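See structure below.
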Amino acid sequence: MQQEAMVREGPPGKTTAQFRQGSALRQLWETNLEVFQRDKMALFGLCIFAVFALVALLAPLIAPNDPLTPLKNADGDWIKDALPYWLAEPGEDEAEGYTNEFFLGTTNIGRDIFSQLIHGSRSALLVGFSAAAAVAVIGTIVGLLAGYYGGWVDTVLMRAADVAFGIPFIPFIIVIAAFFDPSIWNVVLAMAVLLWRDTGRVIRSQVLVIKEQAFVSAARVSGASDLRIIFVYIAPSILPLSFLYGSFAIAWAILTEASVSFLGFSDPNTISWGFMLQDAFLSLALTRGAFYWIIPPGLCIMLTVMAGFFIGRGYEEVLFPRLRRM
Amino acid sequence: MSILSIRDLKVDYATQEGTVQAVDGVSLDVDEGQQVGLIGESGCGKTTLLKAIVQVLPRNGRITAGKIMFKGIDMLQLSKAEMRQLRWREIATIPQASMDSLNPVQRVGSQLMKLLRVRGGYDKRAARRRAADLFDLVGLDTERLMHYPHEFSGGMKQRAVIAMALALEPSLLIADEPVTALDVIVQHQILEVLRELEQELNLTVMLITHDISVVAQVCDSVAVMYAGRIVEQAAAQPFFHAPAHPYSLGLQQAFPNLARPRDELVSIEGYPPDLREPPSGCRFAERCPFVQDSCHDIDPRLELVGDNRLAACLRSGEMETLRLQAEDPALWQQVEVAQYFVDQPLPPAPSPKHQGGGDALAGLIEPTASPLESAEEAAYGGISKSPPNALGGDLEGGRVVAPLLEMRDVSKRFKIGGGLAGLLRGDQEQTVYAVNNISFTLRRGESLGLAGESGCGKSTTGKLLVKLLDASDGEILFDGADLAGMEQDDLLNFRRRSQLMFQNPFEALNPRFTLYRSLTEPLIIHGWKDEEARLQRVIETLDRVNLRPAEVFLDKYPHQLSGGQLQRVVLARALVLHPDFLVADEPVSMLDVSVRAGILNTTRRLARELGLATVYISHDLSLLQYTCDRIAIMYLGEIVEIGPSSEVINNPQHPYTKALIAAVPVPDPTIENPPLRIQEGIPRPTEQFIGCPFAQRCPDVMEACIDIRPPAITDEYSHMAQCHLYGQHRDSPKLKPGAEVTSGNTR
């Protein structure tokens, strides 16, 4: 009703062709584009992911050595605890019978740390993205169904969410790891089984709000089916929320994987950053001052987690513009 | 002596799109003991003026010129601390929606006493005494002091707010829309309180409202604001009898008036000018039916045009003749109006851009029904095809036409507090009897109004009628078929034929859809596969609701339109499928006065053209009298009275109907509303009554009313009322001699 801001419009700017086009996917793409255009932090986060994704994709090409095979010198001895070449005393390597080309040195059993770091990005991103996808998809569907249908559907789903809230997360993964073979997929499974609860709850509440709006009733009065109302009227409004929770889930998944690996419940044959940290911890790298072993994986975890939160923040700003003023 | 004197006040708002001159050179004097009503449509600067007076402008607002003198003090020179001293002690304000500003976790009495002690320097005992006096003054029980705000009804909260405003005996009370959003009966009572206070305390009041009938009831002088300026200022009586500015003329004729029903209301077409670049000539010129060439060039000044009257119009000399011409609504429609849009980039927030999901899924979820049959289409082909023209004859001649819609003893109950959660919490399950055994029929082309206070079940009835809710009991027959049993194709067909128009146009359209998409959705659902045909129909419908040129609107998003335009789009969406039946739930209550009449006229005209049966739901009886053939009065889920509009309004039989009619303010200061004889507050509809549901509040209640259900008595005009005292009430209808009771009424 505020007409203060009214202006006369010039000749209609858009042609009539424009309003008819525009698929759902394109519009979703535009929202996402908007997030990254508005928020440079989110763009930064996206760049971090892009770099890691590239590294993960090209890992075998970038990594100079196999991450799991202990390296041996000319005499057949393991090259244990080699310093990075930029730290090592000149000539030391030759005395030991190998050429020091290790950017980050080797582990206590002679594995190339730099190669491990490169390969670690694979499991991190794999866990991060699949867990995020699982959380977002399950949470969104649960939220939509519970919110829209209400009644016993809502009761069943939300009580299930309560149960999921009641299960401690890390111990749950440890139990899973005990049942199945240790694998990074345990983390994904655990997150899919447990962490949809937050997404589901939030999306349900949003659906409850949207469902009561007059335009949804209007759709029903004009004969729209339940599915049409859910997917055409309600889902587009809550998809950005799914993205928000998805991007947070990436960060959580990587952190969780790192914690589980650090606790020693990961697959010893898959290199991940958490596994590297545990390896370094157990071999007392800290006491030996082998910062080049500890800091890089830590930094990588931090960067990916940060990237996830930056992107999440970007979505939050677009979704809840009021936050911006605070 | 004037207590408040404003001279050439200018207030600017700095916005991202430029500087808005919200108040532009306003001069106004308020004398001691005077009650000034400030009226005008929204966005004309009323509230800004109020905020400037007490200097609580938002951060981007600035007083750029002018003077505000209060009791000889230049308020603009005062420091913040001095200003704070002045507020509440000298100038009390009741801001908009202030009844929601009571602290919910404190007793109302403690809030009042805290105010008295902190700001007024009362000691504890004196504060308590004063608080009790104040509650007494505004007609609240002093026991209420111990209650929390949630235990108050809306009207009681508003009384409490008035009590707080008056606590420190201010010299000036400024009230911003004090009765908007209140039910008619409550509104009436609040106005009564204000009127009494004015007399008892010799209060000086500045009342801001968009509703001129409120001003007529409580003010003795009027100032009309338009586009940041005062265009007319006069004492109330002469103002209401002979407005001296075309805008005031329009406003006055735009209001339905119970006492003087009109055939057609005036709608002031167009929109106020853009206050970033106000026109150089008269600001109303673009919407004025009496515009001359000179109006666009010369900016009229507010000049004395008669006894104590000021008006800003170049043609004020000819006002006598203009006034007569202004009676004709057709004149107002000649004004050519360009369509305006809010020229903003799409908001950043969940922007309408990703309206997604739609088109991709449109193919996926196929509508279940076959495309409309061509025969059906042909029946609606001609726009001008006259409705079953026997309408008037039907009603008067009493010929029997098969009803389109029939409600037979329909009830709707809701259960609350039940379920698993309620069980665990130990809540008792309660039944709300929202609609109780109501029956009525509706013929093709007929319009029925449902009236009553909020909570009387009228909206629930509306939802039942379009099957947004299913009846708990009884039958709703649409063209002979029961709604309850409808499935699949039958249901879809029913959905095509019945539509709903919503109260709040700002919510009724999907913010992510372009208007084209919103309007084409129903067509897609009903199997219109041909895109060209859909576009054709959408354009045709937009044109029909007077959104022209229709093409301009297709790619607009809802937030780019004004409320009036939006409500037309909502109407267009309801009509795009060419329905037989339309429910309009408070269709204009959220809109500005100047556009209300336009929407009502369009809806009424189209309903006639299309032979649409319409149900209007409204708390505003004057509006229903204007739009409806018949009116049904609902109370606690029951229809207590139903009949032809003129009969119900002019010859009400049920005491509740009488109270409702008495409560409607009339835009004429000479007609004084009689005191209401009933109390505010509908009881919660959680019990079923053996006797008359209205017995608790009825002024004429007898013993029989409590135990025996009154019979439904119908007279020869098919005017039914349920009351034991049918035809024997003491009070007569309020319409006084000035208002001839025309039997022909509105149609």
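By order of appearance in the structure tokens: chains A, B, ..., then residues from 1 within every chain, and ligands from 1 in the order shown.
Near Gly76 (chain A), within 10 Å and counting only C-alpha atoms, sit Leu71, Lys72 and Gly97 of chain A, not including residues fewer than 4 positions from it in the same chain.
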Quiz prompt | Contact residues around region 288-293 of chain B with only C-alpha atoms at 9 Å, ignoring same-chain residues under 6 positions, as a ChimeraX atom specification | solution = /B:246-247,250,268-269,314-315,322,326,331-335
Exercise. May I ask which of the residues B:Arg408, B:Arg260, B:Lys556, B:His719 is the closest one to chain A, counting only C-alpha atoms?
Key: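 Ranking B:Arg408, B:Arg260, B:Lys556, B:His719 by distance to chain A, first place goes to B:Lys556.
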Practice problem: Would you mind listing what lies within 6 Å of region 222-239 of chain B as a list in words, with only C-alpha atoms counted and same-chain residues fewer than 4 positions away left out? | Solution: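 After dropping sequence-adjacent residues, the list is Ala22, Val23, Asp24, Val26, Val36, Gly37, Leu38, Ile39, Gly40, Cys44, Gly45, Pro243, Arg309, Leu310, Ala311 and Ala312 of chain B.
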Store the residues of this selection in a file with C-alpha atoms, as an mmCIF file, in the first residue's frame.
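Contents of the output file out-v7.cif:
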```
data_model
loop_
_atom_site.group_PDB
_atom_site.id
_atom_site.type_symbol
_atom_site.label_atom_id
_atom_site.label_comp_id
_atom_site.auth_asym_id
_atom_site.auth_seq_id
_atom_site.Cartn_x
_atom_site.Cartn_y
_atom_site.Cartn_z
ATOM 1 C CA ALA B 22 6.981 13.122 2.302
ATOM 2 C CA VAL B 23 5.692 16.318 3.876
ATOM 3 C CA ASP B 24 6.028 19.362 1.700
ATOM 4 C CA VAL B 26 2.330 21.811 5.684
ATOM 5 C CA VAL B 36 -8.636 17.653 14.293
ATOM 6 C CA GLY B 37 -9.012 14.706 11.972
ATOM 7 C CA LEU B 38 -6.218 14.217 9.473
ATOM 8 C CA ILE B 39 -7.318 12.098 6.560
ATOM 9 C CA GLY B 40 -5.884 10.890 3.282
ATOM 10 C CA CYS B 44 0.262 10.905 1.703
ATOM 11 C CA GLY B 45 2.387 11.903 4.677
ATOM 12 C CA PRO B 243 -16.265 19.456 0.451
ATOM 13 C CA ARG B 309 -12.297 27.084 5.241
ATOM 14 C CA LEU B 310 -9.116 26.541 3.356
ATOM 15 C CA ALA B 311 -8.737 24.694 0.078
ATOM 16 C CA ALA B 312 -6.023 24.384 -2.521
#
```
Quiz prompt | DSSP alpha helix (DSSP H) selection over region 42-218 of chain A, as a count of residues only | solution = 120
Quiz item: Looking at only C-alpha atoms, which of A:Val188, A:Leu46, A:Ile229, A:Ile294 is the one that sits closest to Ala124 (chain A)?
Solution: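 The closest residue to Ala124 (chain A) is A:Val188.
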Quiz prompt | Residues near Gln278 (chain A), cut-off 9 Å, only C-alpha atoms, skip fewer than 3 positions along chain, as number ranges by chain | solution = A: 258, 261-264, 273-275, 281-283
Practice problem: Skip Lys157 (chain B) itself and residues of its chain fewer than 4 positions away, then list as a list in words all residues within 10 Å of it, counting only C-alpha atoms. | Solution: Ser98, Met99, Asp100, Ser101, Leu102, Val108, Leu140, Pro149, His150, Glu151, Phe152, Ser153, Val161, Ile162 and Ala163 of chain B
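Using only C-alpha atoms, the contacts of Gln536 (chain B) at a cut-off of 12 Å, with sequence neighbours closer than 6 positions omitted, comprise Tyr516, Leu519, Thr520, Leu523, Trp528, Asp530, Leu542, Asp543, Ala550, Glu551, Leu554 and Val576 of chain B.
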Kindly export the residues of the current selection with C-alpha atoms, as a PDB file, in the first residue's frame.
```
ATOM      1  CA  TYR B 516       1.486 -14.314 -16.408  1.00  0.00           C
ATOM      2  CA  LEU B 519      -2.675 -16.400 -14.175  1.00  0.00           C
ATOM      3  CA  THR B 520      -1.775 -19.226 -16.493  1.00  0.00           C
ATOM      4  CA  LEU B 523      -5.311 -22.970 -17.098  1.00  0.00           C
ATOM      5  CA  TRP B 528      -5.069 -26.062 -21.527  1.00  0.00           C
ATOM      6  CA  ASP B 530      -2.051 -24.635 -26.132  1.00  0.00           C
ATOM      7  CA  LEU B 542      -6.535  -8.839 -17.447  1.00  0.00           C
ATOM      8  CA  ASP B 543      -8.252  -6.524 -19.837  1.00  0.00           C
ATOM      9  CA  ALA B 550      -2.654  -6.167 -20.360  1.00  0.00           C
ATOM     10  CA  GLU B 551       0.651  -6.985 -22.034  1.00  0.00           C
ATOM     11  CA  LEU B 554       2.506 -10.101 -17.962  1.00  0.00           C
ATOM     12  CA  VAL B 576      -9.553 -16.754 -15.718  1.00  0.00           C
TER      13      VAL B 576
END
```
Quiz item: Hey, can you check how far CA of Ser27 (chain B) sits from CA of Lys51 (chain B)?
Solution: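 Atom-to-atom, CA of Ser27 (chain B) and CA of Lys51 (chain B) are spaced 15.2 Å apart.
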Self-check item: Selected residue, from A:Leu239, A:Leu145, A:Gly200, A:Asn186, that lies nearest to Ala161 (chain A) when counting only C-alpha atoms
Solution: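 For Ala161 (chain A), the nearest of the given residues is A:Gly200.
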Practice problem: Give the answer as one residue: which of B:Gln34, B:Asn436, B:Gln560, B:Thr321 has the shortest atom-to-atom distance to chain A, using only C-alpha atoms? | Solution: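 Smallest distance to chain A is found for B:Gln560.
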Quiz item: When DSSP works through the backbone of this structure, what residues of region 63-152 of chain B end up as strand (DSSP E), shown as a PyMOL selection string?
Solution: chain B and resi 63-70+73-74+91-94
Next, the residues of the selection above should be written as a PDB file, in the first residue's frame with N, CA and C atoms.
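Saved as result34.pdb:
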```
ATOM      1  N   ILE B  63      13.789  16.889   8.992  1.00  0.00           N
ATOM      2  CA  ILE B  63      12.968  18.088   8.827  1.00  0.00           C
ATOM      3  C   ILE B  63      13.836  19.131   8.159  1.00  0.00           C
ATOM      4  N   THR B  64      13.449  19.543   6.956  1.00  0.00           N
ATOM      5  CA  THR B  64      14.336  20.435   6.218  1.00  0.00           C
ATOM      6  C   THR B  64      13.933  21.899   6.338  1.00  0.00           C
ATOM      7  N   ALA B  65      12.674  22.140   6.644  1.00  0.00           N
ATOM      8  CA  ALA B  65      12.272  23.539   6.749  1.00  0.00           C
ATOM      9  C   ALA B  65      11.022  23.606   7.612  1.00  0.00           C
ATOM     10  N   GLY B  66      10.724  24.796   8.087  1.00  0.00           N
ATOM     11  CA  GLY B  66       9.478  25.003   8.795  1.00  0.00           C
ATOM     12  C   GLY B  66       9.646  25.123  10.296  1.00  0.00           C
ATOM     13  N   LYS B  67       8.542  25.292  10.948  1.00  0.00           N
ATOM     14  CA  LYS B  67       8.539  25.535  12.381  1.00  0.00           C
ATOM     15  C   LYS B  67       7.420  24.732  13.007  1.00  0.00           C
ATOM     16  N   ILE B  68       7.657  24.211  14.182  1.00  0.00           N
ATOM     17  CA  ILE B  68       6.572  23.586  14.930  1.00  0.00           C
ATOM     18  C   ILE B  68       6.534  24.274  16.289  1.00  0.00           C
ATOM     19  N   MET B  69       5.505  25.044  16.528  1.00  0.00           N
ATOM     20  CA  MET B  69       5.396  25.728  17.808  1.00  0.00           C
ATOM     21  C   MET B  69       4.371  25.003  18.671  1.00  0.00           C
ATOM     22  N   PHE B  70       4.779  24.668  19.892  1.00  0.00           N
ATOM     23  CA  PHE B  70       3.848  24.042  20.815  1.00  0.00           C
ATOM     24  C   PHE B  70       3.757  24.922  22.055  1.00  0.00           C
ATOM     25  N   ILE B  73       6.462  27.339  22.309  1.00  0.00           N
ATOM     26  CA  ILE B  73       7.854  26.892  22.304  1.00  0.00           C
ATOM     27  C   ILE B  73       8.181  26.371  20.908  1.00  0.00           C
ATOM     28  N   ASP B  74       9.326  26.735  20.385  1.00  0.00           N
ATOM     29  CA  ASP B  74       9.732  26.190  19.095  1.00  0.00           C
ATOM     30  C   ASP B  74      10.321  24.806  19.333  1.00  0.00           C
ATOM     31  N   ILE B  91       2.641  16.061  25.068  1.00  0.00           N
ATOM     32  CA  ILE B  91       2.086  15.500  23.843  1.00  0.00           C
ATOM     33  C   ILE B  91       2.135  13.985  23.957  1.00  0.00           C
ATOM     34  N   ALA B  92       0.982  13.379  24.027  1.00  0.00           N
ATOM     35  CA  ALA B  92       0.962  11.920  24.095  1.00  0.00           C
ATOM     36  C   ALA B  92       0.599  11.364  22.723  1.00  0.00           C
ATOM     37  N   THR B  93       1.245  10.289  22.346  1.00  0.00           N
ATOM     38  CA  THR B  93       0.917   9.698  21.053  1.00  0.00           C
ATOM     39  C   THR B  93       0.439   8.268  21.230  1.00  0.00           C
ATOM     40  N   ILE B  94      -0.523   7.901  20.412  1.00  0.00           N
ATOM     41  CA  ILE B  94      -0.926   6.500  20.304  1.00  0.00           C
ATOM     42  C   ILE B  94      -0.524   6.070  18.902  1.00  0.00           C
TER      43      ILE B  94
END
```
Practice problem: Tell me, in Å to one decimal, how far CA of Thr31 (chain A) is from CA of Pro240 (chain A). | Solution: 7.9 Å
Self-check item: Using only C-alpha atoms: which of A:Val135, A:Ile79, A:Val35, A:Ala280 has the shortest distance to chain B
Solution: A:Val35
